[in-house]
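Engineer: So that you have it, the file is protein_18.cif, and it contains mmCIF, C-alpha atoms:
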data_query
#
loop_
_atom_site.label_atom_id
_atom_site.label_comp_id
_atom_site.auth_asym_id
_atom_site.auth_seq_id
_atom_site.Cartn_x
_atom_site.Cartn_y
_atom_site.Cartn_z
CA MET D 17 -61.03 -42.20 -35.39
CA LYS D 18 -57.35 -41.39 -34.92
CA ILE D 19 -55.85 -42.72 -31.69
CA LEU D 20 -52.48 -41.77 -30.22
CA VAL D 21 -50.98 -44.16 -27.66
CA ARG D 22 -48.11 -42.86 -25.57
CA GLY D 23 -45.85 -45.88 -25.13
CA THR D 24 -44.01 -47.06 -22.04
CA ASN D 25 -40.44 -46.16 -21.13
CA TRP D 26 -38.81 -49.59 -20.65
CA ILE D 27 -38.59 -52.66 -22.86
CA GLY D 28 -40.22 -55.02 -20.37
CA ASP D 29 -43.11 -52.60 -19.84
CA ALA D 30 -43.51 -52.26 -23.60
CA VAL D 31 -43.96 -56.02 -23.96
CA MET D 32 -46.37 -56.07 -21.04
CA SER D 33 -48.45 -53.40 -22.81
CA VAL D 34 -48.91 -55.58 -25.92
CA PRO D 35 -52.18 -57.19 -24.71
CA ALA D 36 -53.65 -53.71 -24.20
CA LEU D 37 -52.57 -52.63 -27.69
CA ARG D 38 -54.05 -55.80 -29.18
CA GLU D 39 -57.35 -55.17 -27.39
CA LEU D 40 -57.38 -51.56 -28.54
CA ARG D 41 -57.14 -52.77 -32.13
CA ARG D 42 -59.91 -55.31 -31.52
CA ILE D 43 -62.41 -52.81 -30.15
CA PHE D 44 -61.48 -50.13 -32.73
CA PRO D 45 -60.82 -52.25 -35.85
CA ASP D 46 -61.11 -49.31 -38.26
CA ALA D 47 -59.23 -46.70 -36.24
CA TRP D 48 -55.83 -45.32 -37.16
CA ILE D 49 -53.60 -46.21 -34.20
CA THR D 50 -50.26 -44.44 -33.72
CA LEU D 51 -47.76 -45.44 -31.05
CA HIS D 52 -45.76 -42.45 -29.77
CA THR D 53 -42.75 -43.97 -28.09
CA ARG D 54 -39.02 -43.96 -27.57
CA THR D 55 -36.80 -44.66 -30.56
CA TRP D 56 -35.75 -48.14 -29.44
CA ALA D 57 -39.38 -49.36 -29.53
CA ASP D 58 -39.46 -49.12 -33.32
CA GLY D 59 -37.31 -52.26 -33.39
CA LEU D 60 -39.70 -54.03 -31.03
CA PHE D 61 -42.96 -53.19 -32.81
CA CYS D 62 -41.86 -52.89 -36.44
CA ASP D 63 -43.80 -56.05 -37.47
CA ALA D 64 -46.79 -55.48 -35.18
CA ASP D 65 -50.09 -55.87 -37.03
CA PHE D 66 -52.08 -54.03 -34.33
CA LEU D 67 -50.43 -50.65 -35.07
CA ASP D 68 -50.71 -48.41 -38.12
CA GLU D 69 -47.82 -46.10 -37.34
CA ILE D 70 -44.93 -45.60 -34.93
CA VAL D 71 -43.77 -42.07 -34.15
CA THR D 72 -40.60 -41.98 -32.07
CA TYR D 73 -38.84 -39.45 -29.90
CA ASP D 74 -35.48 -39.41 -28.13
CA PRO D 75 -35.65 -37.89 -24.64
CA ALA D 76 -32.36 -36.91 -23.09
CA LYS D 77 -34.08 -35.50 -20.02
CA TRP D 78 -37.39 -33.91 -19.04
CA ARG D 79 -37.25 -30.43 -20.62
CA ILE D 80 -40.12 -28.08 -21.37
CA ARG D 81 -38.68 -27.46 -24.84
CA ASP D 82 -38.92 -31.20 -25.64
CA VAL D 83 -42.53 -31.28 -24.43
CA LEU D 84 -43.43 -28.26 -26.57
CA ASP D 85 -41.68 -29.64 -29.64
CA ASN D 86 -43.40 -33.01 -29.31
CA SER D 87 -46.81 -31.50 -28.71
CA GLN D 88 -46.52 -29.11 -31.66
CA PHE D 89 -45.51 -31.99 -33.90
CA LEU D 90 -48.41 -34.18 -32.74
CA LYS D 91 -50.95 -31.37 -32.92
CA LYS D 92 -50.70 -31.35 -36.73
CA ASP D 93 -52.14 -34.88 -36.97
CA ASP D 94 -55.52 -34.08 -35.37
CA TYR D 95 -55.85 -37.09 -33.09
CA ASP D 96 -59.26 -37.75 -31.54
CA LEU D 97 -58.11 -39.77 -28.54
CA ALA D 98 -54.89 -40.04 -26.54
CA ILE D 99 -54.17 -43.06 -24.33
CA ILE D 100 -51.31 -42.45 -21.92
CA LEU D 101 -49.75 -45.67 -20.69
CA PRO D 102 -46.90 -44.22 -18.55
CA ASN D 103 -47.65 -42.56 -15.23
CA SER D 104 -45.39 -39.55 -15.87
CA PHE D 105 -46.54 -35.94 -15.70
CA GLU D 106 -44.63 -35.17 -18.90
CA SER D 107 -46.59 -37.69 -20.99
CA ALA D 108 -49.91 -36.21 -19.87
CA MET D 109 -48.67 -32.66 -20.45
CA THR D 110 -47.58 -33.53 -23.99
CA SER D 111 -51.03 -34.87 -24.91
CA PHE D 112 -52.69 -31.86 -23.24
CA LEU D 113 -50.61 -29.37 -25.22
CA SER D 114 -51.26 -31.37 -28.41
CA ARG D 115 -54.93 -30.35 -27.97
CA ILE D 116 -56.16 -33.90 -28.38
CA PRO D 117 -59.84 -33.58 -27.39
CA ARG D 118 -60.06 -36.76 -25.33
CA ARG D 119 -57.19 -37.90 -23.11
CA ILE D 120 -57.26 -40.93 -20.84
CA GLY D 121 -54.66 -42.09 -18.35
CA TYR D 122 -54.15 -42.89 -14.69
CA ASN D 123 -54.72 -40.08 -12.23
CA LYS D 124 -51.23 -39.99 -10.73
CA ASP D 125 -48.63 -37.30 -10.08
CA LEU D 126 -51.13 -34.42 -10.21
CA ARG D 127 -52.13 -35.27 -13.78
CA GLY D 128 -55.91 -35.20 -13.27
CA LEU D 129 -56.42 -31.67 -14.64
CA LEU D 130 -54.51 -32.56 -17.82
CA LEU D 131 -56.78 -35.52 -18.62
CA THR D 132 -60.37 -35.47 -19.83
CA ASP D 133 -60.82 -39.02 -18.53
CA PRO D 134 -58.65 -39.58 -15.46
CA VAL D 135 -58.77 -43.18 -14.24
CA ALA D 136 -58.20 -44.09 -10.62
CA VAL D 137 -55.28 -46.43 -9.99
CA PRO D 138 -56.93 -49.81 -9.22
CA GLU D 139 -56.63 -51.03 -5.66
CA TRP D 140 -55.24 -54.33 -6.94
CA LYS D 141 -52.25 -52.65 -8.62
CA ALA D 142 -49.63 -54.23 -6.34
CA ARG D 143 -51.22 -57.70 -6.46
CA ARG D 144 -51.91 -58.38 -10.14
CA HIS D 145 -49.65 -58.62 -13.12
CA GLU D 146 -48.75 -55.41 -14.91
CA VAL D 147 -50.47 -56.52 -18.13
CA PHE D 148 -53.80 -55.98 -16.35
CA TYR D 149 -52.81 -52.44 -15.36
CA TYR D 150 -52.50 -51.50 -19.03
CA LEU D 151 -55.54 -53.55 -20.04
CA ASN D 152 -57.60 -51.72 -17.44
CA LEU D 153 -57.09 -48.44 -19.32
CA VAL D 154 -58.38 -49.97 -22.55
CA SER D 155 -61.29 -51.46 -20.63
CA GLU D 156 -62.19 -47.99 -19.35
CA ILE D 157 -62.03 -46.62 -22.90
CA GLU D 158 -64.37 -49.34 -24.12
CA LYS D 159 -66.86 -48.59 -21.35
CA ARG D 160 -66.78 -44.81 -21.76
CA ILE D 161 -66.70 -44.54 -25.55
CA ILE D 162 -68.36 -47.72 -26.86
CA GLY D 163 -70.53 -48.56 -23.88
CA SER D 164 -69.56 -52.23 -23.76
CA ASP D 165 -67.35 -54.26 -21.44
CA THR D 166 -65.53 -57.11 -23.18
CA VAL D 167 -61.84 -56.32 -22.63
CA GLY D 168 -61.81 -57.89 -19.17
CA GLN D 169 -63.04 -61.20 -20.60
CA THR D 170 -60.07 -61.85 -22.89
CA VAL D 171 -56.89 -63.83 -22.19
CA PRO D 172 -53.87 -61.48 -22.43
CA ASP D 173 -51.74 -62.13 -25.52
CA ILE D 174 -48.18 -60.74 -25.37
CA SER D 175 -47.02 -62.39 -28.60
CA LEU D 176 -44.97 -60.36 -31.05
CA ASP D 177 -44.51 -61.17 -34.72
CA VAL D 178 -41.13 -61.25 -36.45
CA SER D 179 -41.16 -61.26 -40.24
CA PRO D 180 -39.75 -64.29 -42.12
CA GLU D 181 -37.08 -62.07 -43.66
CA ARG D 182 -35.82 -60.92 -40.28
CA ARG D 183 -35.95 -64.47 -38.90
CA ASN D 184 -33.96 -65.81 -41.85
CA ALA D 185 -31.30 -63.13 -41.46
CA ALA D 186 -31.03 -63.87 -37.73
CA ALA D 187 -30.85 -67.62 -38.28
CA LYS D 188 -28.02 -67.17 -40.78
CA MET D 189 -26.16 -64.86 -38.42
CA LEU D 190 -26.43 -67.36 -35.56
CA ALA D 191 -25.37 -70.26 -37.77
CA ASP D 192 -22.29 -68.32 -38.89
CA LEU D 193 -21.39 -67.35 -35.33
CA ALA D 194 -21.94 -70.87 -33.99
CA ASP D 195 -19.41 -72.06 -36.58
CA GLY D 196 -20.64 -75.60 -36.99
CA THR D 197 -21.61 -76.29 -33.38
CA SER D 198 -24.07 -79.18 -33.53
CA GLY D 199 -25.78 -78.51 -30.22
CA PRO D 200 -28.42 -75.94 -29.26
CA ILE D 201 -27.85 -72.19 -29.39
CA ILE D 202 -28.36 -70.75 -25.91
CA ALA D 203 -28.16 -67.07 -25.03
CA LEU D 204 -27.36 -65.64 -21.61
CA GLY D 205 -28.65 -62.23 -20.56
CA VAL D 206 -26.12 -61.62 -17.81
CA GLY D 207 -26.67 -57.90 -17.20
CA SER D 208 -29.40 -55.55 -16.06
CA THR D 209 -29.07 -51.91 -16.96
CA ASN D 210 -30.97 -50.32 -14.10
CA SER D 211 -30.17 -52.65 -11.20
CA ARG D 212 -27.10 -54.58 -10.08
CA ALA D 213 -29.22 -56.40 -7.51
CA LYS D 214 -31.14 -58.15 -10.29
CA ARG D 215 -27.97 -59.81 -11.60
CA TRP D 216 -27.35 -63.48 -10.92
CA PRO D 217 -23.61 -63.61 -10.06
CA ALA D 218 -21.23 -63.54 -13.02
CA ASN D 219 -19.28 -66.54 -11.75
CA TYR D 220 -22.55 -68.54 -11.65
CA TYR D 221 -23.25 -67.60 -15.26
CA ALA D 222 -19.68 -68.61 -16.12
CA GLN D 223 -20.18 -72.05 -14.52
CA LEU D 224 -23.49 -72.42 -16.35
CA ALA D 225 -21.90 -71.50 -19.69
CA ASN D 226 -19.19 -74.09 -19.08
CA ARG D 227 -21.72 -76.85 -18.33
CA LEU D 228 -23.96 -75.97 -21.27
CA SER D 229 -20.99 -75.97 -23.63
CA THR D 230 -19.23 -79.10 -22.39
CA GLU D 231 -22.27 -81.26 -21.54
CA LEU D 232 -24.74 -80.18 -24.24
CA ASN D 233 -22.28 -78.99 -26.90
CA ALA D 234 -24.20 -75.72 -26.91
CA ALA D 235 -23.13 -72.52 -28.60
CA ILE D 236 -23.19 -69.80 -25.95
CA VAL D 237 -24.27 -66.28 -26.93
CA LEU D 238 -23.96 -63.36 -24.52
CA ILE D 239 -26.60 -60.79 -25.34
CA GLY D 240 -27.50 -57.40 -23.91
CA SER D 241 -26.84 -53.69 -24.15
CA ALA D 242 -23.48 -51.94 -24.27
CA ASP D 243 -23.86 -51.31 -20.53
CA ASP D 244 -23.75 -55.09 -20.03
CA GLY D 245 -20.39 -55.40 -21.78
CA GLU D 246 -18.25 -55.46 -18.65
CA VAL D 247 -20.16 -58.25 -16.91
CA ALA D 248 -20.42 -60.17 -20.20
CA ALA D 249 -16.64 -60.02 -20.59
CA GLU D 250 -16.23 -61.31 -17.04
CA VAL D 251 -18.56 -64.26 -17.76
CA ALA D 252 -16.74 -65.04 -21.00
CA THR D 253 -13.33 -65.02 -19.32
CA LYS D 254 -14.35 -67.10 -16.31
CA SER D 255 -16.36 -69.67 -18.30
CA GLY D 256 -13.29 -71.27 -19.86
CA VAL D 257 -15.23 -72.01 -23.08
CA ASN D 258 -15.81 -70.20 -26.34
CA THR D 259 -18.60 -67.65 -26.16
CA ILE D 260 -20.13 -65.25 -28.66
CA ASP D 261 -20.39 -61.80 -27.10
CA LEU D 262 -23.04 -59.65 -28.80
CA SER D 263 -23.46 -57.20 -25.92
CA GLY D 264 -24.04 -53.77 -27.39
CA LYS D 265 -23.48 -55.07 -30.92
CA THR D 266 -27.10 -55.38 -32.06
CA THR D 267 -29.99 -53.03 -32.54
CA ILE D 268 -33.24 -53.82 -30.73
CA ALA D 269 -34.72 -55.02 -34.02
CA GLU D 270 -31.77 -57.39 -34.55
CA ALA D 271 -31.91 -58.60 -30.95
CA VAL D 272 -35.64 -59.37 -31.28
CA ALA D 273 -35.03 -61.46 -34.40
CA LEU D 274 -32.05 -63.25 -32.82
CA LEU D 275 -34.10 -64.08 -29.74
CA ALA D 276 -36.79 -65.57 -31.99
CA GLU D 277 -34.24 -67.98 -33.48
CA LEU D 278 -32.56 -69.14 -30.27
CA ASP D 279 -33.25 -72.45 -28.60
CA VAL D 280 -33.27 -71.03 -25.06
CA LEU D 281 -32.57 -67.73 -23.31
CA VAL D 282 -31.39 -67.63 -19.69
CA ALA D 283 -31.61 -64.13 -18.24
CA ASN D 284 -32.01 -61.90 -15.26
CA ASP D 285 -35.20 -59.87 -14.87
CA MET D 286 -34.52 -57.60 -17.85
CA GLY D 287 -36.19 -56.46 -21.06
CA LEU D 288 -34.83 -59.32 -23.18
CA ALA D 289 -36.45 -61.80 -20.78
CA HIS D 290 -39.82 -60.36 -21.80
CA ILE D 291 -39.07 -60.24 -25.52
CA ALA D 292 -37.91 -63.85 -25.88
CA PRO D 293 -41.14 -65.51 -24.63
CA ALA D 294 -43.17 -63.02 -26.69
CA VAL D 295 -41.46 -64.21 -29.89
CA GLY D 296 -41.90 -67.87 -28.93
CA THR D 297 -38.54 -68.78 -27.38
CA GLN D 298 -38.27 -70.85 -24.22
CA THR D 299 -36.86 -68.62 -21.50
CA VAL D 300 -35.49 -69.22 -18.00
CA VAL D 301 -35.70 -66.05 -15.89
CA ILE D 302 -33.95 -65.63 -12.54
CA PHE D 303 -35.81 -63.39 -10.09
CA GLY D 304 -34.53 -62.03 -6.78
CA PRO D 305 -35.17 -58.46 -5.62
CA THR D 306 -38.18 -57.89 -7.90
CA ASP D 307 -41.66 -59.38 -7.73
CA PRO D 308 -42.53 -62.02 -10.36
CA THR D 309 -46.19 -61.80 -9.34
CA THR D 310 -46.48 -58.43 -11.05
CA THR D 311 -43.59 -58.23 -13.52
CA ARG D 312 -42.66 -61.73 -14.69
CA PRO D 313 -42.84 -62.44 -18.43
CA TYR D 314 -46.54 -63.17 -18.97
CA SER D 315 -46.11 -66.33 -21.03
CA ASP D 316 -46.11 -70.10 -20.76
CA ASN D 317 -42.75 -69.94 -22.56
CA ALA D 318 -41.10 -68.53 -19.43
CA ASP D 319 -39.86 -70.58 -16.47
CA ILE D 320 -39.40 -68.37 -13.40
CA LEU D 321 -36.66 -69.34 -10.94
CA GLY D 322 -36.07 -67.78 -7.54
CA TYR D 323 -35.31 -68.45 -3.91
CA ASN D 324 -37.64 -67.21 -1.19
CA VAL D 325 -35.88 -65.16 1.46
CA GLU D 326 -37.28 -62.92 4.18
CA CYS D 327 -36.18 -59.66 2.51
CA SER D 328 -37.40 -60.33 -1.02
CA PRO D 329 -38.83 -58.67 -3.02
CA CYS D 330 -37.04 -55.55 -1.78
CA MET D 331 -36.99 -53.68 -5.14
CA LEU D 332 -33.56 -52.25 -4.29
CA ARG D 333 -31.00 -51.61 -7.02
CA ASP D 334 -28.08 -52.68 -4.84
CA CYS D 335 -28.21 -55.34 -2.15
CA PRO D 336 -27.13 -53.92 1.23
CA ILE D 337 -26.38 -57.38 2.68
CA ASP D 338 -25.30 -60.66 1.05
CA HIS D 339 -27.51 -60.93 -2.09
CA ARG D 340 -28.95 -64.17 -0.76
CA CYS D 341 -32.03 -64.09 -3.02
CA MET D 342 -29.76 -64.61 -6.04
CA THR D 343 -26.80 -66.56 -4.66
CA ASN D 344 -29.15 -69.29 -3.40
CA VAL D 345 -30.34 -69.99 -6.95
CA THR D 346 -27.88 -72.73 -7.87
CA VAL D 347 -26.16 -73.40 -11.18
CA ALA D 348 -27.52 -76.96 -11.08
CA HIS D 349 -31.09 -75.68 -10.75
CA VAL D 350 -30.73 -73.33 -13.73
CA PHE D 351 -28.97 -76.02 -15.80
CA ASP D 352 -31.79 -78.48 -15.13
CA SER D 353 -34.36 -75.85 -16.16
CA VAL D 354 -32.52 -75.29 -19.45
CA VAL D 355 -32.47 -79.03 -20.13
CA ALA D 356 -36.21 -79.23 -19.38
CA ALA D 357 -36.84 -76.36 -21.80
CA LEU D 358 -34.75 -77.99 -24.52
CA TYR D 359 -36.16 -81.49 -24.12
CA PRO D 360 -39.70 -81.19 -22.70
CA GLU D 361 -40.72 -84.67 -23.90
CA GLU D 362 -37.94 -86.35 -21.94
CA ASN D 363 -38.80 -84.28 -18.88
CA GLU D 364 -42.46 -85.34 -19.05
CA GLN D 365 -41.49 -89.02 -19.31
CA SER D 366 -39.18 -88.75 -16.28
CA THR D 367 -41.98 -87.28 -14.17
#
Using the file provided, produce a representation of the structure as structure tokens.
Structural biologist:
Amino acid sequence: MKILVRGTNWIGDAVMSVPALRELRRIFPDAWITLHTRTWADGLFCDADFLDEIVTYDPAKWRIRDVLDNSQFLKKDDYDLAIILPNSFESAMTSFLSRIPRRIGYNKDLRGLLLTDPVAVPEWKARRHEVFYYLNLVSEIEKRIIGSDTVGQTVPDISLDVSPERRNAAAKMLADLADGTSGPIIALGVGSTNSRAKRWPANYYAQLANRLSTELNAAIVLIGSADDGEVAAEVATKSGVNTIDLSGKTTIAEAVALLAELDVLVANDMGLAHIAPAVGTQTVVIFGPTDPTTTRPYSDNADILGYNVECSPCMLRDCPIDHRCMTNVTVAHVFDSVVAALYPEENEQST
């Protein structure tokens, strides 16, 4: 069997789909599984042992010509089954025009006629973590094609492998950048590409960087996309300590390997905050306008911080009032969480 999986559109969603991809491999151990996804995802999944192939595309916008080109390209590979993880109409249309005989996805946005196996959106969608939304599709596939029901009995595993070669290269890069700093290497993900409301204030990050550097002798790395460059520069300037700004200076593949070699990542609700726990790094994630119940990093490696206010989670991209859900998360609270992540034995003894 040849299976085509249409991947998700955002980094965090891609990590949250990992348990579903792992389960797909488990129930179809001999199938050829291709992930059809955006170009950046190649750097995220390049060492994944649950995939046979990654086929990427670069969408500038939704255009019928792009859909036709993608479908014609995919049609040549004679896939037996398409699994469509995103909810978009375009992703279902692409698989339909590729003439893949069996196509399964959620019945949203008038996609039902394009799918051979439309799946109703579960009533628990807004109450359970997103990993179960993707797993539910694989569970439906198992029931309809194999006739068994084991996917729902497994514990979701979001872990991602990073090859020793990539880890070694990242470790050397960090050691060179830290320039002899004897303390831990701590990265700060200070931006958030699609929402300013998800950003913990830059002056708070600056105060945190100062404390981590002066009290723990930590090397401070600012990491993120090129779009995060402005806020990263503000944090660096206001911190009053030396920082290493890698915003926009790494590929996704390099960022994944660097995250695997850090001691701790502190970040807003962003893609990197999902990657770091998946590669085994202790992560402190600050939530405000979004809902950690459904979209937190699904890992014991992640410590979720937030402050309950009457208007959160609002899911807005800009706060129309005073951003109280984020400004009430104190620098002291985040600093203490970093210390607990760095020295868990001491924290256990103190409690």
Engineer: The PyMOL selection byres ((chain D and resi 41-52) around 10) - which residues does that actually catch in the file I just gave you? List them as a VMD selection string.
Structural biologist: chain D and resid 17 to 24 35 to 40 53 to 55 57 to 58 61 65 to 73 86 90 95 97 to 100 154 to 155 157 to 158 162 164 166 to 167
Engineer: Could you give me, as a VMD selection string, the residues that sit within 12 Å of (-20.0, -60.4, -26.3) in the file's coordinates, counting all atoms listed in the file?
Structural biologist: chain D and resid 193 203 to 207 236 to 253 258 to 266
Engineer: Once the PyMOL selection byres ((chain D and resi 341-352) around 8) is applied to the coordinates I shared, what remains selected? I want it as an MDAnalysis selection string.
Structural biologist: chainID D and resid 214:217 220:221 223:224 227:228 300 302:305 321:325 328 339:340 353:356
Engineer: Of the candidates D:Lys91, D:Asp125, D:Asp177, D:Leu130, which one gets nearest to Met109 of chain D if we count only C-alpha atoms?
Structural biologist: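 Among the listed residues, the smallest separation from Met109 of chain D belongs to D:Leu130.
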Engineer: Using all atoms listed in the file, which residue out of D:Asp74, D:Glu270, D:Glu156, D:Asp279 lies closest to Pro138 of chain D?
Structural biologist: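 Counting all atoms listed in the file, the residue closest to Pro138 of chain D is D:Glu156.
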